[in-house]
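Have a look at start-v4.csv below; it lists CSV, C-alpha atoms.
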chain,number,residue,atom,x,y,z
A,1,MET,CA,42.6,-3.7,-88.6
A,2,SER,CA,43.3,-4.7,-85.0
A,3,ARG,CA,43.8,-1.0,-84.2
A,4,ARG,CA,40.3,-0.3,-85.4
A,5,ALA,CA,39.0,-3.2,-83.4
A,6,LEU,CA,40.8,-1.7,-80.4
A,7,SER,CA,39.2,1.7,-80.9
A,8,ILE,CA,35.8,0.1,-81.2
A,9,LEU,CA,36.4,-1.7,-78.0
A,10,ALA,CA,37.6,1.4,-76.3
A,11,GLY,CA,34.5,3.2,-77.5
A,12,ALA,CA,32.3,0.4,-76.2
A,13,VAL,CA,34.1,0.6,-72.8
A,14,LEU,CA,33.7,4.3,-72.7
A,15,ALA,CA,30.0,4.1,-73.4
A,16,LEU,CA,29.6,1.4,-70.8
A,17,VAL,CA,31.4,3.6,-68.2
A,18,LEU,CA,29.2,6.6,-69.1
A,19,ALA,CA,26.1,4.5,-68.8
A,20,ILE,CA,27.2,3.3,-65.3
A,21,VAL,CA,28.0,6.8,-64.2
A,22,ALA,CA,24.6,8.0,-65.5
A,23,VAL,CA,22.8,5.3,-63.6
A,24,ALA,CA,24.8,5.9,-60.5
A,25,THR,CA,24.1,9.6,-60.7
A,26,MET,CA,20.4,8.9,-61.0
A,27,ASN,CA,20.6,6.8,-57.9
A,28,LEU,CA,22.4,9.5,-56.1
A,29,SER,CA,19.8,12.2,-56.9
A,30,PRO,CA,17.2,12.8,-54.3
A,31,SER,CA,14.2,10.6,-54.2
A,32,GLY,CA,11.9,13.5,-54.0
A,33,GLN,CA,10.8,12.6,-50.5
A,34,SER,CA,11.3,15.4,-47.9
A,35,GLY,CA,11.9,18.2,-50.3
A,36,GLY,CA,13.4,20.5,-47.7
A,37,GLY,CA,12.0,23.3,-49.8
A,38,SER,CA,14.1,26.0,-51.2
A,39,GLY,CA,17.3,27.0,-49.5
A,40,THR,CA,17.7,24.1,-47.1
A,41,ALA,CA,20.5,21.6,-47.7
A,42,ASP,CA,19.3,18.5,-49.5
A,43,ILE,CA,19.9,16.0,-46.7
A,44,GLY,CA,17.5,13.3,-45.7
A,45,GLY,CA,15.0,11.3,-47.7
A,46,ALA,CA,13.4,7.9,-47.9
A,47,PHE,CA,14.9,4.9,-46.1
A,48,THR,CA,14.0,1.4,-45.0
A,49,LEU,CA,15.6,0.0,-42.0
A,50,THR,CA,14.8,-2.6,-39.3
A,51,GLY,CA,14.0,-1.6,-35.7
A,52,GLU,CA,15.2,-3.3,-32.5
A,53,ASP,CA,12.2,-5.6,-32.4
A,54,GLY,CA,12.6,-6.6,-36.0
A,55,THR,CA,9.9,-4.4,-37.5
A,56,ILE,CA,10.5,-2.4,-40.6
A,57,VAL,CA,11.0,1.3,-40.0
A,58,THR,CA,10.8,3.9,-42.8
A,59,GLU,CA,10.9,7.7,-42.9
A,60,ALA,CA,7.1,7.6,-42.7
A,61,ASP,CA,7.4,6.4,-39.1
A,62,PHE,CA,9.2,9.6,-38.1
A,63,VAL,CA,6.8,12.0,-39.9
A,64,GLY,CA,4.9,14.3,-37.6
A,65,LYS,CA,7.7,14.7,-35.1
A,66,PRO,CA,11.1,16.2,-35.6
A,67,THR,CA,14.0,13.7,-35.4
A,68,ALA,CA,17.5,13.6,-34.0
A,69,ILE,CA,19.4,10.9,-35.9
A,70,PHE,CA,22.9,9.7,-35.5
A,71,PHE,CA,25.1,7.2,-37.4
A,72,GLY,CA,27.6,4.9,-35.7
A,73,PHE,CA,28.3,1.3,-34.8
A,74,THR,CA,28.4,-0.8,-31.7
A,75,PHE,CA,32.1,-1.7,-31.9
A,76,CYS,CA,32.9,2.0,-31.7
A,77,PRO,CA,34.6,2.5,-28.3
A,78,ASP,CA,34.4,6.2,-27.9
A,79,VAL,CA,32.5,8.6,-30.0
A,80,CYS,CA,29.3,6.5,-30.3
A,81,PRO,CA,28.8,5.8,-26.6
A,82,THR,CA,29.8,9.3,-25.8
A,83,THR,CA,27.2,10.7,-28.2
A,84,LEU,CA,24.5,8.4,-27.0
A,85,TYR,CA,25.3,9.3,-23.4
A,86,GLU,CA,25.2,13.0,-24.3
A,87,LEU,CA,21.9,12.5,-26.1
A,88,SER,CA,20.5,10.6,-23.2
A,89,GLY,CA,21.4,13.6,-20.9
A,90,LEU,CA,19.8,16.0,-23.4
A,91,ILE,CA,16.6,14.0,-23.5
A,92,GLU,CA,16.5,14.1,-19.7
A,93,ALA,CA,17.2,17.8,-19.7
A,94,LEU,CA,14.4,18.5,-22.2
A,95,GLY,CA,11.9,17.1,-19.7
A,96,PRO,CA,8.4,16.6,-21.1
A,97,ASP,CA,9.4,18.3,-24.4
A,98,ALA,CA,11.6,15.3,-25.1
A,99,ASP,CA,8.6,13.3,-26.2
A,100,LYS,CA,8.0,15.7,-29.0
A,101,LEU,CA,11.0,14.3,-30.9
A,102,ASN,CA,12.1,11.0,-32.4
A,103,TYR,CA,15.6,9.7,-31.6
A,104,ALA,CA,17.4,7.2,-33.8
A,105,PHE,CA,20.8,5.5,-33.8
A,106,VAL,CA,21.5,3.9,-37.2
A,107,SER,CA,24.3,1.4,-37.3
A,108,VAL,CA,26.5,1.7,-40.4
A,109,ASP,CA,28.0,-1.7,-39.5
A,110,TRP,CA,25.5,-3.8,-41.6
A,111,GLN,CA,27.8,-6.8,-41.3
A,112,ARG,CA,28.0,-7.0,-37.5
A,113,ASP,CA,25.1,-5.0,-36.1
A,114,GLY,CA,21.6,-6.5,-36.4
A,115,PRO,CA,18.4,-5.6,-34.5
A,116,ALA,CA,19.4,-7.8,-31.5
A,117,GLU,CA,22.9,-6.2,-31.2
A,118,LEU,CA,21.4,-2.8,-31.4
A,119,ALA,CA,18.6,-3.6,-28.9
A,120,ARG,CA,21.2,-4.7,-26.3
A,121,TYR,CA,23.5,-1.8,-27.0
A,122,THR,CA,20.9,1.0,-26.7
A,123,SER,CA,19.5,-0.5,-23.5
A,124,SER,CA,22.3,1.3,-21.7
A,125,PHE,CA,21.0,4.7,-22.9
A,126,ASP,CA,17.7,6.5,-22.9
A,127,ASP,CA,14.8,4.2,-23.9
A,128,ARG,CA,13.6,6.7,-26.5
A,129,ILE,CA,16.7,6.2,-28.6
A,130,ARG,CA,15.8,3.6,-31.2
A,131,GLY,CA,18.5,1.5,-32.8
A,132,LEU,CA,18.0,0.9,-36.5
A,133,ALA,CA,19.8,-1.7,-38.5
A,134,GLY,CA,19.9,-2.3,-42.2
A,135,THR,CA,21.3,-4.4,-45.0
A,136,GLU,CA,24.3,-3.2,-47.0
A,137,GLU,CA,21.9,-1.7,-49.7
A,138,GLN,CA,19.7,-0.1,-47.1
A,139,ILE,CA,22.7,1.5,-45.3
A,140,GLU,CA,24.2,2.6,-48.6
A,141,ALA,CA,20.8,4.3,-49.4
A,142,ILE,CA,20.3,6.1,-46.1
A,143,THR,CA,24.0,7.2,-45.8
A,144,LYS,CA,23.7,8.6,-49.3
A,145,ALA,CA,20.5,10.4,-48.5
A,146,TYR,CA,21.9,11.9,-45.4
A,147,ARG,CA,25.3,12.6,-46.9
A,148,VAL,CA,26.9,10.5,-44.2
A,149,TYR,CA,30.4,9.4,-44.8
A,150,TYR,CA,31.4,5.9,-43.7
A,151,LYS,CA,34.3,3.7,-44.6
A,152,LYS,CA,35.4,0.4,-43.4
A,153,ILE,CA,39.1,0.4,-42.4
A,154,PRO,CA,40.7,-3.0,-42.2
A,155,THR,CA,42.8,-3.6,-39.1
A,156,ASP,CA,46.0,-5.7,-38.8
A,157,ASP,CA,44.2,-8.8,-37.5
A,158,GLY,CA,41.7,-9.0,-40.4
A,159,ASP,CA,39.1,-7.2,-38.4
A,160,TYR,CA,37.9,-3.7,-39.2
A,161,THR,CA,36.9,-0.4,-37.8
A,162,ILE,CA,34.7,2.2,-39.4
A,163,ASP,CA,35.4,5.9,-40.1
A,164,HIS,CA,32.1,7.7,-40.0
A,165,THR,CA,30.3,11.0,-39.7
A,166,ALA,CA,29.8,11.6,-36.0
A,167,SER,CA,27.3,14.5,-36.1
A,168,VAL,CA,23.7,14.2,-34.9
A,169,TYR,CA,21.4,15.2,-37.7
A,170,LEU,CA,18.3,17.3,-36.8
A,171,MET,CA,15.3,16.9,-39.1
A,172,ASP,CA,12.0,18.6,-38.9
A,173,GLY,CA,8.6,16.9,-38.7
A,174,GLU,CA,8.4,16.5,-42.5
A,175,GLY,CA,11.9,15.0,-42.7
A,176,GLY,CA,13.6,18.2,-43.9
A,177,PHE,CA,17.1,18.9,-42.7
A,178,VAL,CA,17.4,21.5,-40.0
A,179,GLY,CA,21.0,21.3,-38.7
A,180,THR,CA,23.4,19.2,-36.7
A,181,LEU,CA,24.8,18.7,-33.3
A,182,SER,CA,28.5,18.2,-33.6
A,183,TYR,CA,30.8,16.0,-31.5
A,184,GLY,CA,32.2,18.0,-28.6
A,185,GLU,CA,29.7,20.8,-29.0
A,186,ALA,CA,28.8,22.5,-25.6
A,187,HIS,CA,25.9,20.8,-23.8
A,188,ASP,CA,23.9,24.1,-23.6
A,189,SER,CA,24.2,24.8,-27.2
A,190,MET,CA,23.0,21.3,-28.1
A,191,LEU,CA,20.1,21.6,-25.6
A,192,GLU,CA,19.1,25.0,-27.1
A,193,LYS,CA,18.9,23.4,-30.6
A,194,LEU,CA,16.8,20.5,-29.4
A,195,LYS,CA,14.5,22.9,-27.5
A,196,ARG,CA,14.0,24.9,-30.7
A,197,LEU,CA,13.4,21.7,-32.6
A,198,ALA,CA,10.8,20.6,-30.0
A,199,ALA,CA,9.2,24.0,-30.1
A,200,SER,CA,8.8,23.7,-33.9
A,201,ALA,CA,6.9,20.4,-33.4
B,202,MET,CA,51.5,27.9,12.9
B,203,ARG,CA,52.6,26.6,9.6
B,204,PHE,CA,52.2,22.9,10.4
B,205,PRO,CA,48.5,22.8,10.9
B,206,THR,CA,47.9,24.8,7.7
B,207,TYR,CA,49.8,22.2,5.7
B,208,THR,CA,48.1,19.4,7.5
B,209,LEU,CA,44.8,21.0,6.6
B,210,ILE,CA,45.7,21.4,3.0
B,211,ALA,CA,46.9,17.8,2.8
B,212,ALA,CA,43.7,16.6,4.4
B,213,MET,CA,41.7,18.6,1.9
B,214,LEU,CA,43.6,17.2,-1.0
B,215,PHE,CA,43.1,13.6,0.2
B,216,ALA,CA,39.5,14.3,0.9
B,217,ALA,CA,38.9,15.6,-2.6
B,218,THR,CA,39.9,12.4,-4.4
B,219,PRO,CA,38.8,9.6,-2.2
B,220,ALA,CA,36.9,7.5,-4.6
B,221,LEU,CA,39.1,7.6,-7.7
B,222,ALA,CA,41.2,4.6,-8.4
B,223,GLY,CA,44.7,5.2,-7.2
B,224,ASP,CA,47.3,7.2,-8.9
B,225,TYR,CA,50.6,5.4,-9.7
B,226,THR,CA,54.3,6.0,-10.0
B,227,LEU,CA,56.6,4.0,-12.1
B,228,GLY,CA,60.2,5.3,-12.0
B,229,LYS,CA,59.8,8.9,-13.1
B,230,LEU,CA,56.4,8.4,-14.6
B,231,ASP,CA,53.3,9.6,-12.8
B,232,ILE,CA,50.3,7.6,-14.0
B,233,ASP,CA,47.1,9.4,-12.9
B,234,ARG,CA,43.4,9.0,-13.0
B,235,PRO,CA,43.2,5.7,-15.0
B,236,TRP,CA,39.5,5.2,-15.9
B,237,THR,CA,37.3,3.4,-18.4
B,238,ARG,CA,33.6,3.2,-19.1
B,239,ALA,CA,31.1,0.5,-18.4
B,240,THR,CA,30.2,-1.1,-21.7
B,241,PRO,CA,26.6,-1.4,-23.1
B,242,PRO,CA,25.5,-5.0,-23.2
B,243,GLY,CA,26.9,-6.7,-26.2
B,244,ALA,CA,29.6,-4.1,-26.8
B,245,LYS,CA,32.8,-5.7,-28.0
B,246,ALA,CA,35.1,-2.7,-27.5
B,247,ALA,CA,35.9,-0.1,-24.9
B,248,GLY,CA,38.4,2.8,-24.5
B,249,GLY,CA,40.7,3.2,-21.5
B,250,PHE,CA,42.0,6.6,-20.4
B,251,VAL,CA,44.9,7.8,-18.2
B,252,THR,CA,47.3,10.8,-17.8
B,253,ILE,CA,51.0,10.1,-17.9
B,254,ALA,CA,53.5,12.7,-16.8
B,255,ASN,CA,57.2,12.0,-17.5
B,256,SER,CA,59.4,13.9,-15.1
B,257,SER,CA,62.6,12.3,-16.2
B,258,ALA,CA,65.1,13.7,-18.7
B,259,GLU,CA,64.6,10.8,-21.0
B,260,ASP,CA,61.8,10.2,-23.5
B,261,ASP,CA,59.7,7.2,-22.9
B,262,ARG,CA,56.9,5.5,-24.8
B,263,LEU,CA,53.8,3.6,-23.9
B,264,VAL,CA,54.4,0.5,-26.1
B,265,SER,CA,51.6,-1.8,-25.1
B,266,ALA,CA,48.8,-2.6,-22.7
B,267,SER,CA,47.1,-5.8,-21.7
B,268,ALA,CA,44.0,-6.8,-19.7
B,269,ILE,CA,42.6,-10.2,-18.7
B,270,PHE,CA,39.1,-9.1,-19.7
B,271,ALA,CA,40.0,-8.3,-23.3
B,272,GLY,CA,41.2,-10.7,-26.0
B,273,ARG,CA,43.2,-7.9,-27.5
B,274,VAL,CA,44.4,-4.5,-26.4
B,275,GLU,CA,45.9,-1.9,-28.6
B,276,LEU,CA,46.9,1.7,-28.4
B,277,HIS,CA,44.8,3.9,-30.6
B,278,THR,CA,44.2,7.5,-31.6
B,279,MET,CA,41.0,9.1,-32.7
B,280,ASP,CA,40.7,12.1,-34.9
B,281,MET,CA,37.7,14.1,-35.8
B,282,THR,CA,38.0,16.0,-39.0
B,283,ASP,CA,35.0,17.7,-40.7
B,284,GLY,CA,32.7,15.8,-38.5
B,285,VAL,CA,34.1,12.4,-39.5
B,286,MET,CA,35.5,10.2,-36.7
B,287,LYS,CA,38.6,8.3,-37.7
B,288,MET,CA,40.2,5.8,-35.4
B,289,ARG,CA,43.7,4.3,-36.0
B,290,HIS,CA,45.9,1.7,-34.4
B,291,LEU,CA,49.3,3.1,-33.2
B,292,PRO,CA,51.6,0.1,-33.7
B,293,ASP,CA,54.6,2.1,-32.4
B,294,GLY,CA,52.8,3.1,-29.2
B,295,ILE,CA,52.3,6.5,-27.7
B,296,PRO,CA,55.4,8.7,-27.0
B,297,VAL,CA,55.8,10.2,-23.6
B,298,PRO,CA,58.5,12.8,-24.1
B,299,ALA,CA,60.8,13.9,-21.3
B,300,GLY,CA,59.2,16.6,-19.1
B,301,GLU,CA,55.8,16.3,-20.8
B,302,THR,CA,52.4,15.1,-19.8
B,303,VAL,CA,50.4,12.9,-22.2
B,304,SER,CA,46.6,12.5,-21.7
B,305,LEU,CA,44.7,9.6,-23.0
B,306,ALA,CA,41.1,11.0,-23.0
B,307,PRO,CA,37.8,10.6,-24.9
B,308,GLY,CA,38.0,12.1,-28.4
B,309,GLY,CA,41.7,11.3,-28.7
B,310,LEU,CA,44.3,8.8,-27.6
B,311,HIS,CA,43.1,5.7,-25.8
B,312,VAL,CA,43.8,2.2,-24.8
B,313,MET,CA,41.5,0.1,-26.9
B,314,PHE,CA,40.1,-3.0,-25.3
B,315,MET,CA,38.8,-5.4,-27.9
B,316,GLU,CA,37.2,-8.8,-27.9
B,317,LEU,CA,35.8,-8.1,-24.5
B,318,LYS,CA,35.3,-11.4,-22.6
B,319,GLU,CA,32.7,-9.9,-20.3
B,320,PRO,CA,31.1,-6.5,-20.1
B,321,ILE,CA,32.9,-3.9,-18.1
B,322,SER,CA,30.6,-3.1,-15.2
B,323,GLU,CA,30.3,0.1,-13.3
B,324,ALA,CA,30.7,-1.5,-9.9
B,325,THR,CA,34.2,-2.9,-10.3
B,326,PRO,CA,37.5,-1.2,-11.2
B,327,VAL,CA,39.4,-3.3,-13.8
B,328,PRO,CA,43.0,-4.3,-13.7
B,329,VAL,CA,45.1,-3.2,-16.7
B,330,SER,CA,48.8,-3.6,-17.3
B,331,LEU,CA,50.7,-0.8,-19.1
B,332,THR,CA,54.2,-1.4,-20.5
B,333,PHE,CA,56.6,1.4,-21.2
B,334,GLU,CA,59.7,1.2,-23.4
B,335,LYS,CA,62.1,2.3,-20.6
B,336,ALA,CA,60.2,2.5,-17.3
B,337,GLY,CA,58.9,-1.1,-17.6
B,338,THR,CA,55.5,-2.5,-16.8
B,339,ILE,CA,53.0,-1.5,-14.2
B,340,GLU,CA,49.7,-3.0,-13.1
B,341,ILE,CA,47.0,-0.4,-12.5
B,342,GLU,CA,43.3,-0.4,-11.8
B,343,MET,CA,41.0,1.7,-13.9
B,344,SER,CA,37.9,3.1,-12.3
B,345,VAL,CA,34.7,2.6,-14.3
B,346,ALA,CA,32.3,5.4,-15.2
B,347,LYS,CA,28.9,5.1,-16.9
B,348,PRO,CA,28.7,4.0,-20.5
B,349,GLY,CA,29.7,7.0,-22.7
B,350,ALA,CA,30.5,9.2,-19.7
B,351,PRO,CA,32.8,12.1,-20.7
B,352,ALA,CA,34.9,12.0,-17.5
B,353,PRO,CA,35.6,9.7,-14.6
B,354,GLU,CA,33.1,10.0,-11.8
B,355,ASN,CA,34.3,11.6,-8.6
B,356,HIS,CA,31.7,9.8,-6.5
B,357,LYS,CA,31.6,6.2,-7.3
B,358,HIS,CA,28.9,3.8,-6.2
B,359,MET,CA,26.4,6.6,-5.9
B,360,HIS,CA,23.0,5.2,-5.9
B,361,ASP,CA,21.8,7.5,-8.7
B,362,GLU,CA,18.9,7.0,-11.0
B,363,GLY,CA,20.2,3.8,-12.5
B,364,LYS,CA,18.3,3.0,-15.6
B,365,ASN,CA,19.8,-0.2,-16.8
Turn this file's structure into structure tokens for me.
Amino acid sequence: MSRRALSILAGAVLALVLAIVAVATMNLSPSGQSGGGSGTADIGGAFTLTGEDGTIVTEADFVGKPTAIFFGFTFCPDVCPTTLYELSGLIEALGPDADKLNYAFVSVDWQRDGPAELARYTSSFDDRIRGLAGTEEQIEAITKAYRVYYKKIPTDDGDYTIDHTASVYLMDGEGGFVGTLSYGEAHDSMLEKLKRLAASA
Amino acid sequence: MRFPTYTLIAAMLFAATPALAGDYTLGKLDIDRPWTRATPPGAKAAGGFVTIANSSAEDDRLVSASAIFAGRVELHTMDMTDGVMKMRHLPDGIPVPAGETVSLAPGGLHVMFMELKEPISEATPVPVSLTFEKAGTIEIEMSVAKPGAPAPENHKHMHDEGKN
């Protein structure tokens, strides 16, 4: 009797788990935005974030110009400032072509980085790099869409650091994925990629 | 004939590195090119870099660092695997084996300054204290490069296109 009750319970639990997995998988599947056509990796998609001045920024704001988008956080001592410095140098090297692209720095640290923190932080780099902040849900959504890995790692003192994907994603004018700039890639190689992206604009 | 040549070389060597913060010696440790980067406004953390050469026959270890401008200073490593940046605290410090040179540099080992009390500014070198297990403690000054700069600047205080 109790064994049967147990198996019913187990069945119910299993069904619930399957349902959760099904819903989660549905959430994970692409939203249909930015199809990236056939053959291109399914990276990118719809997002809603907040710009440095507090206004809402979505993928629609970037349509029409290709975009270089990077994920990081302001507590990051090395790779984030290094990448933003590098990107600033590339923007300068592009000259007038630089204005054919959008540049975005998305903070995955939804707990500590708001629009004000990002505005202050990006002021040290090229003005054209826009800091974007989001809530936990919004950051979850965009990192899933862009297949960006990020994970909070607690530190001894109760603080935390964040492991995160450090590549710059290059998207075309319709929001389709084109390629990446990787950390440590040669300046000339990155410049070449951005020039090509600007030429496609 | 020889003497002037050496003098010339020595003069050239000195002339080549005038603006870098000093290089230091602590026992058999050479502590060279200490530098850090100016922090963007509001940044709470910064990385410090230095090259340490151990010419003694004994292993040593950088066990801790401290700085008056940071609430907390730790020794960290950073690792980039498959495009993912991972940073970790090294509670046991950074080994400096006998006869070897260890570089703390962007993309890898660094002194991690946290809870910055004030921004690190490009104009002013910052004092930092490094403590080694065997060689003891030394006070050094780190030169300050631009935010995110990949290397220390050879010419400090250059009035370049400052966009701040």
ask   = Which neighbours of Asp283 in chain B fall inside 12 Å, counting only C-alpha atoms, when residues of the same chain fewer than 4 positions from it are skipped, and could you give them as a ChimeraX atom specification?
value = /A:148-149,163-167,182-183 /B:287
query = For Asp126 in chain A, which residue out of A:Ser88, A:Gln111, A:Thr161, A:Gln138 is the nearest one, using only C-alpha atoms?
reply =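 That would be A:Ser88, the residue with the smallest distance to Asp126 in chain A.
Residues surrounding Asp231 in chain B within 12 Å are Gly223, Asp224, Tyr225, Thr226, Leu227, Gly228, Arg234, Pro235, Val251, Thr252, Ile253, Ala254, Asn255, Ser256, Ser257, Val297, Gly300, Glu301, Thr302, Val303, Ser304, Ala336, Ile339 and Ile341 of chain B [all atoms listed in the file; sequence separation below 3 positions excluded].
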Kindly determine which residues of chain B lie within 9 Å of chain A, considering only C-alpha atoms, and give the answer as a compact mmCIF listing (two decimals) with C-alpha atoms, keeping the file's coordinate frame.
# COMPACT_ATOMS: atom_id res chain seq x y z
CA THR B 240 30.20 -1.10 -21.70
CA PRO B 241 26.60 -1.40 -23.10
CA PRO B 242 25.50 -5.00 -23.20
CA GLY B 243 26.90 -6.70 -26.20
CA ALA B 244 29.60 -4.10 -26.80
CA LYS B 245 32.80 -5.70 -28.00
CA ALA B 246 35.10 -2.70 -27.50
CA ALA B 247 35.90 -0.10 -24.90
CA GLY B 248 38.40 2.80 -24.50
CA MET B 279 41.00 9.10 -32.70
CA MET B 281 37.70 14.10 -35.80
CA ASP B 283 35.00 17.70 -40.70
CA GLY B 284 32.70 15.80 -38.50
CA VAL B 285 34.10 12.40 -39.50
CA MET B 286 35.50 10.20 -36.70
CA LYS B 287 38.60 8.30 -37.70
CA MET B 288 40.20 5.80 -35.40
CA ARG B 289 43.70 4.30 -36.00
CA HIS B 290 45.90 1.70 -34.40
CA PRO B 307 37.80 10.60 -24.90
CA GLY B 308 38.00 12.10 -28.40
CA GLY B 309 41.70 11.30 -28.70
CA HIS B 311 43.10 5.70 -25.80
CA MET B 313 41.50 0.10 -26.90
CA PHE B 314 40.10 -3.00 -25.30
CA MET B 315 38.80 -5.40 -27.90
CA LYS B 347 28.90 5.10 -16.90
CA PRO B 348 28.70 4.00 -20.50
CA GLY B 349 29.70 7.00 -22.70
CA ALA B 350 30.50 9.20 -19.70
CA PRO B 351 32.80 12.10 -20.70
CA LYS B 364 18.30 3.00 -15.60
CA ASN B 365 19.80 -0.20 -16.80
ask   = Separation of CA of Leu197 in chain A and CA of Leu132 in chain A, in Å?
value =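 Calculated distance between CA of Leu197 in chain A and CA of Leu132 in chain A is 21.7 Å.
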request  = Name the residues in contact with Thr325 in chain B at a cut-off of 9 Å, using only C-alpha atoms, excluding same-chain residues fewer than 5 positions from it; report them as a VMD selection string.
outcome  = chain B and resid 343 to 345
message = Report, in Å to a single decimal, how far apart CA of Ala268 in chain B and CA of Val329 in chain B are.
response =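 We find that CA of Val329 in chain B and CA of Ala268 in chain B lie 4.8 Å from each other.
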request  = Find the residues near Ala60 in chain A: any atom within 10 Å, counting only C-alpha atoms, skip ones fewer than 5 places away on the same chain, and give them as a list in words.
outcome  = Gln33, Ala46, Phe47, Thr48, Glu174 and Gly175 of chain A
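The interatomic distance for the pair CA of Ala299 in chain B and CA of Pro353 in chain B works out to 26.4 Å.
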task = Fewer than 4 positions away in the same chain doesn't count, so skip those; otherwise give me all residues within 9 Å of Lys193 in chain A, counting only C-alpha atoms, as a PyMOL selection string.
result = chain A and resi 170+179-181+188-189+197-198
Nearest candidate to Asp293 in chain B (options B:Leu305, B:Leu276, B:Ile232, B:Ala271; using all atoms listed in the file) =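 Among the listed residues, the smallest separation from Asp293 in chain B belongs to B:Leu276.
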